[in-house]
$ cat structure_1.txt   # compact mmCIF, C-alpha atoms
# COMPACT_ATOMS: atom_id res chain seq x y z
CA MET A 19 0.00 0.00 0.00
CA GLY A 20 1.53 3.31 -1.12
CA GLU A 21 1.29 6.82 0.21
CA VAL A 22 -0.36 9.92 -1.25
CA ILE A 23 1.55 13.17 -0.72
CA VAL A 24 0.12 16.54 -1.76
CA ILE A 25 2.51 19.39 -2.56
CA THR A 26 0.82 22.71 -1.88
CA SER A 27 1.64 26.36 -1.12
CA GLY A 28 -1.29 28.76 -1.31
CA LYS A 29 0.66 31.30 -3.32
CA GLY A 30 1.40 30.61 -6.97
CA GLY A 31 4.84 30.60 -8.54
CA VAL A 32 6.81 29.40 -5.53
CA GLY A 33 7.88 26.09 -7.09
CA LYS A 34 5.19 23.49 -6.43
CA THR A 35 5.27 21.94 -9.89
CA THR A 36 9.07 21.98 -10.04
CA SER A 37 9.16 20.30 -6.64
CA VAL A 38 6.66 17.60 -7.66
CA ALA A 39 8.68 16.82 -10.80
CA ASN A 40 11.97 16.65 -8.91
CA LEU A 41 10.64 14.60 -6.01
CA GLY A 42 8.93 12.26 -8.47
CA VAL A 43 12.10 11.67 -10.47
CA GLY A 44 14.12 11.40 -7.27
CA LEU A 45 11.83 8.71 -5.87
CA ALA A 46 11.95 6.83 -9.17
CA LEU A 47 15.76 6.98 -8.99
CA LEU A 48 15.48 5.12 -5.69
CA GLY A 49 13.53 2.45 -7.53
CA LYS A 50 10.12 3.46 -6.19
CA LYS A 51 7.00 3.18 -8.30
CA VAL A 52 5.64 6.72 -8.54
CA ALA A 53 2.53 8.38 -9.99
CA LEU A 54 2.34 12.16 -10.32
CA ILE A 55 -1.11 13.74 -10.52
CA ASP A 56 -1.41 17.25 -11.93
CA ALA A 57 -4.47 18.58 -10.06
CA ASP A 58 -4.18 22.06 -11.55
CA ILE A 59 -7.10 21.68 -13.95
CA GLY A 60 -7.19 24.34 -16.64
CA LEU A 61 -3.59 25.37 -16.02
CA ARG A 62 -1.77 22.15 -16.79
CA ASN A 63 2.02 22.46 -16.38
CA LEU A 64 3.55 19.37 -14.84
CA ASP A 65 3.60 17.76 -18.30
CA VAL A 66 5.93 20.41 -19.75
CA VAL A 67 8.17 20.45 -16.68
CA MET A 68 8.52 16.66 -17.09
CA GLY A 69 9.00 16.97 -20.86
CA LEU A 70 5.99 14.72 -21.50
CA GLU A 71 3.66 17.25 -23.16
CA ASN A 72 3.61 15.43 -26.50
CA ARG A 73 2.43 12.13 -25.09
CA ILE A 74 -0.88 13.11 -23.54
CA VAL A 75 -3.90 11.17 -24.72
CA TYR A 76 -6.26 11.13 -21.74
CA ASP A 77 -6.32 13.33 -18.66
CA LEU A 78 -7.50 13.49 -15.05
CA VAL A 79 -11.05 14.54 -15.96
CA ASP A 80 -11.33 11.69 -18.49
CA VAL A 81 -10.43 9.28 -15.69
CA VAL A 82 -12.84 10.58 -13.06
CA GLU A 83 -15.65 10.82 -15.61
CA GLY A 84 -15.04 7.23 -16.66
CA ARG A 85 -14.03 7.84 -20.28
CA CYS A 86 -10.91 5.77 -19.72
CA ARG A 87 -9.22 3.73 -17.01
CA SER A 88 -6.46 5.35 -14.96
CA LYS A 89 -3.94 2.94 -16.52
CA GLN A 90 -4.72 4.33 -19.97
CA ALA A 91 -4.28 7.94 -18.88
CA LEU A 92 -1.01 7.45 -16.98
CA ILE A 93 1.95 8.42 -19.16
CA ARG A 94 5.18 6.56 -18.58
CA ASP A 95 8.23 8.83 -18.18
CA LYS A 96 10.82 8.92 -20.98
CA ARG A 97 13.77 7.96 -18.79
CA TYR A 98 12.43 6.27 -15.69
CA ASP A 99 10.09 3.38 -16.27
CA THR A 100 8.66 3.35 -12.74
CA LEU A 101 7.54 6.99 -13.04
CA PHE A 102 4.11 7.95 -14.40
CA LEU A 103 2.18 11.18 -14.94
CA LEU A 104 -1.56 11.70 -14.85
CA PRO A 105 -1.94 15.08 -16.58
CA ALA A 106 -4.57 17.70 -15.75
CA ALA A 107 -7.29 18.57 -18.25
CA GLN A 108 -6.48 21.82 -19.98
CA THR A 109 -9.89 22.73 -21.33
CA ARG A 110 -12.04 22.24 -18.26
CA ASP A 111 -12.31 24.15 -15.00
CA LYS A 112 -11.41 23.10 -11.50
CA ASN A 113 -15.03 22.21 -10.71
CA ALA A 114 -14.92 19.31 -13.17
CA VAL A 115 -13.57 17.12 -10.36
CA THR A 116 -14.93 16.65 -6.83
CA PRO A 117 -13.01 15.83 -3.64
CA GLU A 118 -14.84 12.46 -3.48
CA GLN A 119 -13.68 11.53 -6.99
CA MET A 120 -10.11 12.46 -6.05
CA LYS A 121 -10.31 10.29 -2.95
CA VAL A 122 -11.41 7.31 -5.02
CA LEU A 123 -8.67 7.91 -7.59
CA CYS A 124 -5.94 8.30 -4.95
CA SER A 125 -6.91 5.12 -3.11
CA GLU A 126 -6.97 3.24 -6.41
CA LEU A 127 -3.51 4.52 -7.38
CA LYS A 128 -1.88 3.79 -4.06
CA GLU A 129 -2.77 0.12 -4.46
CA GLU A 130 -0.44 0.14 -7.43
CA PHE A 131 2.22 2.74 -6.62
CA ASP A 132 4.65 3.30 -3.74
CA PHE A 133 4.12 7.05 -3.92
CA VAL A 134 1.41 9.23 -5.45
CA LEU A 135 2.42 12.90 -5.57
CA VAL A 136 -0.35 15.45 -6.14
CA ASP A 137 0.56 18.83 -7.64
CA CYS A 138 -1.92 21.22 -6.00
CA PRO A 139 -3.11 24.38 -7.76
CA ALA A 140 -2.50 27.80 -6.18
CA GLY A 141 -5.33 29.21 -4.11
CA ILE A 142 -7.59 27.78 -1.44
CA GLU A 143 -10.78 26.97 -3.32
CA GLN A 144 -12.15 23.84 -4.98
CA GLY A 145 -8.86 22.96 -6.72
CA PHE A 146 -7.06 22.97 -3.38
CA ARG A 147 -9.78 20.91 -1.71
CA ASN A 148 -9.62 18.38 -4.54
CA ALA A 149 -5.85 18.10 -4.32
CA ILE A 150 -5.78 17.43 -0.57
CA ALA A 151 -8.85 15.15 -0.51
CA GLY A 152 -7.03 11.85 -0.99
CA ALA A 153 -3.71 12.83 0.63
CA ASP A 154 -2.06 11.03 3.54
CA ARG A 155 0.38 13.84 4.18
CA ALA A 156 1.31 17.27 2.86
CA LEU A 157 4.45 19.16 1.89
CA ILE A 158 4.19 22.94 1.82
CA VAL A 159 6.43 24.96 -0.49
CA THR A 160 7.30 28.54 0.35
CA THR A 161 9.92 31.11 -0.58
CA PRO A 162 11.60 33.50 1.89
CA GLU A 163 9.14 36.31 1.11
CA VAL A 164 6.43 37.89 3.22
CA SER A 165 3.63 37.04 0.78
CA ALA A 166 4.59 33.40 0.31
CA VAL A 167 5.09 32.75 4.03
CA ARG A 168 1.78 34.42 4.83
CA ASP A 169 -0.04 32.16 2.37
CA ALA A 170 1.79 29.12 3.71
CA ASP A 171 0.47 29.99 7.17
CA ARG A 172 -3.07 30.04 5.82
CA ILE A 173 -2.55 26.68 4.13
CA ILE A 174 -1.22 25.16 7.36
CA GLY A 175 -4.43 26.27 9.08
CA LEU A 176 -6.61 24.79 6.34
CA LEU A 177 -4.70 21.49 6.37
CA GLU A 178 -5.15 21.32 10.13
CA ALA A 179 -8.89 21.94 9.72
CA ALA A 180 -8.96 19.12 7.13
CA GLU A 181 -7.16 16.90 9.66
CA LEU A 182 -4.16 16.51 7.41
CA GLY A 183 -1.77 17.08 10.28
CA ASP A 184 1.97 17.48 10.56
CA PRO A 185 2.78 19.02 7.17
CA ARG A 186 6.47 19.53 6.34
CA LEU A 187 7.99 22.67 4.85
CA ILE A 188 10.16 23.10 1.75
CA ILE A 189 11.84 26.50 1.63
CA ASN A 190 12.57 27.23 -2.00
CA ARG A 191 14.79 29.84 -3.69
CA LEU A 192 16.86 30.69 -0.66
CA ARG A 193 19.73 33.03 -1.49
CA PRO A 194 22.54 32.54 1.04
CA ASP A 195 24.23 35.78 -0.08
CA MET A 196 21.10 37.82 0.69
CA VAL A 197 20.56 36.00 3.99
CA LYS A 198 24.15 36.79 4.91
CA ARG A 199 23.71 40.52 4.41
CA GLY A 200 20.39 40.58 6.24
CA ASP A 201 18.17 41.13 3.22
CA MET A 202 16.37 37.80 3.24
CA MET A 203 14.60 35.93 6.02
CA ASP A 204 16.62 32.89 6.97
CA ILE A 205 15.46 29.34 7.67
CA GLU A 206 15.12 29.90 11.42
CA ASP A 207 13.02 33.05 10.91
CA ILE A 208 10.53 31.20 8.72
CA LEU A 209 10.34 28.10 10.92
CA GLU A 210 9.80 30.26 13.97
CA ILE A 211 6.89 32.07 12.31
CA LEU A 212 5.19 29.02 10.81
CA ALA A 213 6.00 26.63 13.66
CA ILE A 214 6.23 23.51 11.47
CA ASP A 215 9.03 21.10 10.68
CA LEU A 216 11.40 21.54 7.78
CA ILE A 217 11.95 18.83 5.20
CA GLY A 218 14.39 20.71 2.99
CA VAL A 219 15.80 23.94 1.63
CA ILE A 220 16.39 24.52 -2.08
CA PRO A 221 18.89 27.25 -2.88
CA ASP A 222 17.98 29.67 -5.66
CA ASP A 223 19.65 28.17 -8.70
CA GLU A 224 19.54 29.15 -12.36
CA ARG A 225 20.07 25.51 -13.25
CA ILE A 226 16.46 24.89 -12.23
CA ILE A 227 15.38 27.17 -15.08
CA ILE A 228 17.85 25.61 -17.50
CA SER A 229 16.70 22.09 -16.68
CA THR A 230 13.04 23.13 -16.90
CA ASN A 231 13.81 24.59 -20.35
CA ARG A 232 14.92 21.12 -21.39
CA GLY A 233 12.09 19.32 -19.60
CA GLU A 234 14.58 17.41 -17.44
CA PRO A 235 14.24 17.89 -13.67
CA VAL A 236 17.44 19.17 -11.98
CA VAL A 237 17.42 16.29 -9.47
CA THR A 238 19.09 14.11 -12.11
CA SER A 239 21.91 16.54 -12.84
CA GLU A 240 25.35 15.13 -12.28
CA ASN A 241 27.10 18.49 -12.57
CA GLY A 242 27.00 19.21 -8.86
CA ALA A 243 23.99 21.52 -8.88
CA MET A 244 23.27 22.40 -5.26
CA SER A 245 19.53 22.49 -6.01
CA GLY A 246 19.67 18.95 -7.38
CA GLN A 247 21.46 17.73 -4.26
CA ALA A 248 18.89 19.54 -2.11
CA TYR A 249 16.05 17.72 -3.90
CA ARG A 250 17.82 14.36 -3.60
CA ASN A 251 18.09 14.98 0.15
CA ILE A 252 14.37 15.77 0.42
CA VAL A 253 13.58 12.57 -1.45
CA ARG A 254 15.58 10.55 1.06
CA ARG A 255 13.79 12.28 3.93
CA VAL A 256 10.43 11.50 2.27
CA VAL A 257 11.26 7.79 2.33
CA GLY A 258 12.19 8.08 6.00
CA GLU A 259 15.96 8.46 5.99
CA ASP A 260 17.63 10.83 8.40
CA VAL A 261 19.68 13.16 6.19
CA PRO A 262 21.56 16.21 7.56
CA PHE A 263 20.62 19.57 6.05
CA LEU A 264 22.90 21.13 3.43
CA GLU A 265 25.31 23.75 4.62
CA LEU A 266 24.31 26.50 2.19
CA HIS A 267 26.61 29.09 3.64
CA LYS A 268 29.84 27.16 3.41
CA ASN A 269 31.01 28.65 0.13
CA SER A 270 30.76 32.19 1.38
CA SER A 271 33.09 31.83 4.34
CA ILE A 272 36.23 33.94 4.12
CA PHE A 273 38.36 30.84 4.19
CA ASN A 274 36.58 29.37 1.18
CA LYS A 275 36.69 32.67 -0.67
CA LEU A 276 40.42 32.80 -0.11
CA LYS A 277 40.79 29.22 -1.29
CA LYS A 278 38.78 30.09 -4.38
CA MET A 279 40.91 33.14 -5.10
CA MET A 280 43.98 31.01 -4.82
CA GLY A 281 42.47 28.56 -7.25
CA LEU A 282 42.00 25.78 -4.75
CA GLY A 283 38.27 25.42 -5.32
CA GLY A 284 35.41 25.69 -2.82
CA MET B 20 24.17 39.16 17.96
CA ASN B 21 26.55 39.15 15.04
CA LEU B 22 28.77 41.96 13.88
CA ARG B 23 26.29 43.23 11.30
CA ALA B 24 23.46 43.40 13.79
CA LEU B 25 25.72 45.22 16.23
CA LEU B 26 26.75 47.78 13.61
CA ASN B 27 23.12 48.24 12.60
CA ALA B 28 22.10 48.80 16.20
CA LEU B 29 24.81 51.44 16.53
CA VAL B 30 23.67 53.42 13.49
CA GLY B 31 19.98 52.77 14.14
CA LYS B 32 19.47 50.89 10.88
CA GLN B 33 17.33 47.76 10.57
CA ASP B 34 17.98 44.85 8.21
CA SER B 35 15.23 44.45 5.63
CA LYS B 36 14.76 40.85 6.73
CA ASP B 37 13.91 42.03 10.24
CA ILE B 38 11.36 44.43 8.80
CA ALA B 39 9.90 41.54 6.76
CA LYS B 40 9.73 39.30 9.81
CA GLU B 41 8.09 41.93 11.96
CA ARG B 42 5.49 42.78 9.30
CA LEU B 43 4.79 39.10 8.79
CA ARG B 44 4.37 38.52 12.51
CA LEU B 45 1.79 41.29 12.75
CA VAL B 46 -0.12 40.34 9.63
CA LEU B 47 -0.35 36.75 10.84
CA VAL B 48 -1.74 37.80 14.20
CA HIS B 49 -4.52 39.48 12.31
CA ASP B 50 -4.94 36.69 9.73
CA ARG B 51 -5.10 33.91 12.28
CA ALA B 52 -7.61 35.81 14.42
CA SER B 53 -9.91 36.73 11.57
CA VAL B 54 -9.87 33.41 9.73
CA SER B 55 -12.24 31.82 12.23
CA PRO B 56 -15.32 33.85 13.14
CA GLU B 57 -15.66 31.90 16.39
CA PHE B 58 -12.15 32.82 17.49
CA LEU B 59 -13.04 36.00 19.39
CA ASP B 60 -16.29 34.52 20.68
CA LYS B 61 -14.34 31.64 22.16
CA ILE B 62 -11.91 34.01 23.89
CA LYS B 63 -14.81 36.03 25.23
CA GLU B 64 -16.49 32.92 26.61
CA GLU B 65 -13.30 31.71 28.28
CA LEU B 66 -12.46 35.13 29.72
CA ILE B 67 -15.88 35.45 31.28
CA ARG B 68 -15.61 31.96 32.71
CA VAL B 69 -12.27 32.72 34.36
CA ILE B 70 -13.24 36.14 35.66
CA SER B 71 -16.57 34.90 36.96
CA THR B 72 -14.72 33.35 39.88
CA TYR B 73 -14.06 36.84 41.12
CA MET B 74 -16.86 38.97 39.75
CA GLU B 75 -20.19 38.77 38.02
CA ILE B 76 -19.90 39.93 34.42
CA ASP B 77 -22.66 41.46 32.33
CA GLU B 78 -22.30 39.37 29.19
CA GLU B 79 -24.56 41.60 27.12
CA ASN B 80 -22.26 44.57 27.62
CA THR B 81 -19.00 42.78 26.99
CA GLN B 82 -16.87 43.38 23.93
CA ILE B 83 -13.69 41.77 22.71
CA ASN B 84 -11.78 43.34 19.84
CA MET B 85 -8.48 42.86 18.19
CA HIS B 86 -6.73 45.67 16.39
CA ARG B 87 -3.36 46.73 15.18
CA THR B 88 -1.61 49.89 16.20
CA ASP B 89 1.89 50.91 15.18
CA GLY B 90 4.02 47.85 15.56
CA THR B 91 1.80 45.89 17.93
CA ALA B 92 -1.38 43.88 17.87
CA VAL B 93 -3.73 44.55 20.75
CA LEU B 94 -6.50 42.46 22.26
CA GLU B 95 -9.00 44.75 23.89
CA ALA B 96 -11.59 43.43 26.33
CA ASN B 97 -14.31 45.60 27.81
CA LEU B 98 -16.08 43.68 30.52
CA ALA B 99 -18.99 45.29 32.32
CA ILE B 100 -19.02 44.29 35.99
CA LYS B 101 -22.35 43.58 37.64
CA ALA B 102 -21.01 42.69 41.05
CA ILE B 103 -17.83 41.64 42.78
CA ARG B 104 -17.80 38.46 44.80
CA ARG B 105 -16.53 38.45 48.32
CA THR B 106 -13.29 36.47 48.23
CA VAL B 107 -12.02 34.49 51.13
$ encode --input "structure_1.txt" --output "structure tokens"
Amino acid sequence: MGEVIVITSGKGGVGKTTSVANLGVGLALLGKKVALIDADIGLRNLDVVMGLENRIVYDLVDVVEGRCRSKQALIRDKRYDTLFLLPAAQTRDKNAVTPEQMKVLCSELKEEFDFVLVDCPAGIEQGFRNAIAGADRALIVTTPEVSAVRDADRIIGLLEAAELGDPRLIINRLRPDMVKRGDMMDIEDILEILAIDLIGVIPDDERIIISTNRGEPVVTSENGAMSGQAYRNIVRRVVGEDVPFLELHKNSSIFNKLKKMMGLGG
Amino acid sequence: MNLRALLNALVGKQDSKDIAKERLRLVLVHDRASVSPEFLDKIKEELIRVISTYMEIDEENTQINMHRTDGTAVLEANLAIKAIRRTV
């Protein structure tokens, strides 16, 4: 019996879809059988982030309305054969699916898969309620900005009300240089305000954009991308391993700067 | 306190992250209180229950409000007293 994890945030544009894609690929790399559900009906995006946009035949609404079986709608990933995507419908609105239908779908999928990751739409209306309906636990994505943290706080309250307790936090797009000069809230500030547990911090990294351009999640990158390592660590924490948090500040210490200047590398 | 914070304190400057944190703290006080309409009613009920040990409160003429002034959030309770109990 697998587990359904919803990735949510309240605010849009903080990296939910990117996180779902990276965690999905990361779990598949560990040999897990994974289904990703894009619950953002009308604003489908997980397909392009995964590079699977040309393979869509059926979508989420087709499945819940019984036009096809879930097996027919699930698209197998190009590189990882234990990873599947159930794309959102692009031409319908978020009311085309009900929380009850999502519950049924999620419990069906977790019979088959080790992990079912649900990409939640922004906002707190029907789309959000659908996305969390079948979830066993939740990951909340935020960035170190007032607006994103405020919305995360609202989401934590709503998850609590829905009895989806103990959500974990992903802090995305942290810029150690800005934290260092006091122009960005740091991890402790955010955790203190939201009072929930951290599951990982993703440094701001242009390689995320580059890999999204190619439709290949950064978690696979072998070129030492810090963001990729950060996602791999979150994946291991999701499966229950105890992994120490990345030291994001280490490259900015004076000692390392000196080493760099002297050509010794960081 | 690190060196930067010390220097800032000396020149009376505040890091933008501290401003962000403070604004967030205040906005969340307000958000969390206003999200649930029963929130203030619950506080009112509890307050009256506690204070009733010492005095009789006129529930009709009791108001609980929350508002923000510069830099702080304030919980304001106006409790009309009917009678004070004799305490031992």
$ closest_atom_pairs --input "structure_1.txt" --of "stretch 46-154 of chain A" --to "stretch 255-265 of chain A" --cutoff "10 Å" --atoms "all atoms listed in the file" --output "Markdown table"
| residue | atom | partner | partner_atom | distance |
| --- | --- | --- | --- | --- |
| A:Leu48 | CA | A:Val257 | CA | 9.4 |
| A:Lys50 | CA | A:Val257 | CA | 9.6 |
| A:Phe133 | CA | A:Val257 | CA | 9.5 |
$ residues_around --input "structure_1.txt" --residues "stretch 32-41 of chain B" --least-positions-apart "5" --cutoff "8 Å" --atoms "all atoms listed in the file" --output "ChimeraX atom specification"
/A:163-164,200-203,207 /B:24,27
$ interface_residues --input "structure_1.txt" --of "chain A" --to "chain B" --cutoff "10 Å" --atoms "all atoms listed in the file" --output "list in words"
Pro162, Glu163, Val164, Ser165, Val167, Arg168, Asp169, Asp171, Arg172, Gly175, Leu176, Met196, Val197, Lys198, Arg199, Gly200, Asp201, Met202, Met203, Asp204, Asp207, Ile208, Glu210, Ile211 and Leu212 of chain A
$ write_last_selection --input "structure_1.txt" --atoms "C-alpha atoms" --output "PDB file, in the coordinates of the input"
ATOM      1  CA  PRO A 162      11.600  33.500   1.890  1.00  0.00           C
ATOM      2  CA  GLU A 163       9.140  36.310   1.110  1.00  0.00           C
ATOM      3  CA  VAL A 164       6.430  37.890   3.220  1.00  0.00           C
ATOM      4  CA  SER A 165       3.630  37.040   0.780  1.00  0.00           C
ATOM      5  CA  VAL A 167       5.090  32.750   4.030  1.00  0.00           C
ATOM      6  CA  ARG A 168       1.780  34.420   4.830  1.00  0.00           C
ATOM      7  CA  ASP A 169      -0.040  32.160   2.370  1.00  0.00           C
ATOM      8  CA  ASP A 171       0.470  29.990   7.170  1.00  0.00           C
ATOM      9  CA  ARG A 172      -3.070  30.040   5.820  1.00  0.00           C
ATOM     10  CA  GLY A 175      -4.430  26.270   9.080  1.00  0.00           C
ATOM     11  CA  LEU A 176      -6.610  24.790   6.340  1.00  0.00           C
ATOM     12  CA  MET A 196      21.100  37.820   0.690  1.00  0.00           C
ATOM     13  CA  VAL A 197      20.560  36.000   3.990  1.00  0.00           C
ATOM     14  CA  LYS A 198      24.150  36.790   4.910  1.00  0.00           C
ATOM     15  CA  ARG A 199      23.710  40.520   4.410  1.00  0.00           C
ATOM     16  CA  GLY A 200      20.390  40.580   6.240  1.00  0.00           C
ATOM     17  CA  ASP A 201      18.170  41.130   3.220  1.00  0.00           C
ATOM     18  CA  MET A 202      16.370  37.800   3.240  1.00  0.00           C
ATOM     19  CA  MET A 203      14.600  35.930   6.020  1.00  0.00           C
ATOM     20  CA  ASP A 204      16.620  32.890   6.970  1.00  0.00           C
ATOM     21  CA  ASP A 207      13.020  33.050  10.910  1.00  0.00           C
ATOM     22  CA  ILE A 208      10.530  31.200   8.720  1.00  0.00           C
ATOM     23  CA  GLU A 210       9.800  30.260  13.970  1.00  0.00           C
ATOM     24  CA  ILE A 211       6.890  32.070  12.310  1.00  0.00           C
ATOM     25  CA  LEU A 212       5.190  29.020  10.810  1.00  0.00           C
TER      26      LEU A 212
END
$ residues_around --input "structure_1.txt" --residues "A:Gly44" --least-positions-apart "4" --cutoff "12 Å" --atoms "only C-alpha atoms" --output "mmCIF file with C-alpha atoms, keeping the file's coordinate frame"
data_model
loop_
_atom_site.group_PDB
_atom_site.id
_atom_site.type_symbol
_atom_site.label_atom_id
_atom_site.label_comp_id
_atom_site.auth_asym_id
_atom_site.auth_seq_id
_atom_site.Cartn_x
_atom_site.Cartn_y
_atom_site.Cartn_z
ATOM 1 C CA SER A 37 9.160 20.300 -6.640
ATOM 2 C CA VAL A 38 6.660 17.600 -7.660
ATOM 3 C CA ALA A 39 8.680 16.820 -10.800
ATOM 4 C CA ASN A 40 11.970 16.650 -8.910
ATOM 5 C CA LEU A 48 15.480 5.120 -5.690
ATOM 6 C CA GLY A 49 13.530 2.450 -7.530
ATOM 7 C CA LYS A 50 10.120 3.460 -6.190
ATOM 8 C CA LYS A 51 7.000 3.180 -8.300
ATOM 9 C CA VAL A 52 5.640 6.720 -8.540
ATOM 10 C CA TYR A 98 12.430 6.270 -15.690
ATOM 11 C CA THR A 100 8.660 3.350 -12.740
ATOM 12 C CA LEU A 101 7.540 6.990 -13.040
ATOM 13 C CA PHE A 133 4.120 7.050 -3.920
ATOM 14 C CA LEU A 135 2.420 12.900 -5.570
ATOM 15 C CA GLU A 234 14.580 17.410 -17.440
ATOM 16 C CA PRO A 235 14.240 17.890 -13.670
ATOM 17 C CA VAL A 236 17.440 19.170 -11.980
ATOM 18 C CA VAL A 237 17.420 16.290 -9.470
ATOM 19 C CA THR A 238 19.090 14.110 -12.110
ATOM 20 C CA SER A 239 21.910 16.540 -12.840
ATOM 21 C CA GLY A 246 19.670 18.950 -7.380
ATOM 22 C CA GLN A 247 21.460 17.730 -4.260
ATOM 23 C CA ALA A 248 18.890 19.540 -2.110
ATOM 24 C CA TYR A 249 16.050 17.720 -3.900
ATOM 25 C CA ARG A 250 17.820 14.360 -3.600
ATOM 26 C CA ASN A 251 18.090 14.980 0.150
ATOM 27 C CA ILE A 252 14.370 15.770 0.420
ATOM 28 C CA VAL A 253 13.580 12.570 -1.450
ATOM 29 C CA ARG A 254 15.580 10.550 1.060
ATOM 30 C CA ARG A 255 13.790 12.280 3.930
ATOM 31 C CA VAL A 256 10.430 11.500 2.270
ATOM 32 C CA VAL A 257 11.260 7.790 2.330
#
$ closest_residue --input "structure_1.txt" --among "A:Met244, A:Val24, A:Val32, A:Val134" --to "A:Ile189" --atoms "all atoms listed in the file"
A:Val32
$ residues_around --input "structure_1.txt" --residues "B:Arg105" --least-positions-apart "2" --cutoff "12 Å" --atoms "all atoms listed in the file" --output "VMD selection string"
chain B and resid 71 to 75 102 to 103 107
$ atom_distance --input "structure_1.txt" --atom1 "atom CA of A:Ala53" --atom2 "atom CA of A:Leu103"
5.7 Å
$ residues_around --input "structure_1.txt" --residues "B:Leu59" --least-positions-apart "3" --cutoff "10 Å" --atoms "all atoms listed in the file" --output "list in words"
Ala52, Ser53, Ser55, Pro56, Ile62, Lys63, Glu64, Glu65, Gln82, Ile83, Asn84, Met85 and Leu94 of chain B
$ closest_residue --input "structure_1.txt" --among "B:Asn80, B:Ala96, B:Thr91, B:Val30" --to "B:Val48" --atoms "only C-alpha atoms"
B:Thr91
$ atom_distance --input "structure_1.txt" --atom1 "atom CA of A:Asn190" --atom2 "atom CA of A:Thr160"
5.9 Å
$ atom_distance --input "structure_1.txt" --atom1 "atom CA of A:Val82" --atom2 "atom CA of A:Gly20"
20.0 Å
$ residues_near_point --input "structure_1.txt" --point "(-1.9, 2.1, -0.4)" --cutoff "6 Å" --atoms "all atoms listed in the file" --output "PyMOL selection string"
chain A and resi 19-21+128-129
$ closest_residue --input "structure_1.txt" --among "A:Val136, A:Lys89, A:Ile217, A:Arg232" --to "A:Met68" --atoms "only C-alpha atoms"
A:Arg232
$ residues_around --input "structure_1.txt" --residues "A:Lys112" --least-positions-apart "6" --cutoff "8 Å" --atoms "all atoms listed in the file" --output "MDAnalysis selection string"
chainID A and resid 58:60 144:145
$ write_last_selection --input "structure_1.txt" --atoms "C-alpha atoms" --output "CSV table (one decimal), in the frame of the given file"
chain,number,residue,atom,x,y,z
A,58,ASP,CA,-4.2,22.1,-11.6
A,59,ILE,CA,-7.1,21.7,-14.0
A,60,GLY,CA,-7.2,24.3,-16.6
A,144,GLN,CA,-12.2,23.8,-5.0
A,145,GLY,CA,-8.9,23.0,-6.7
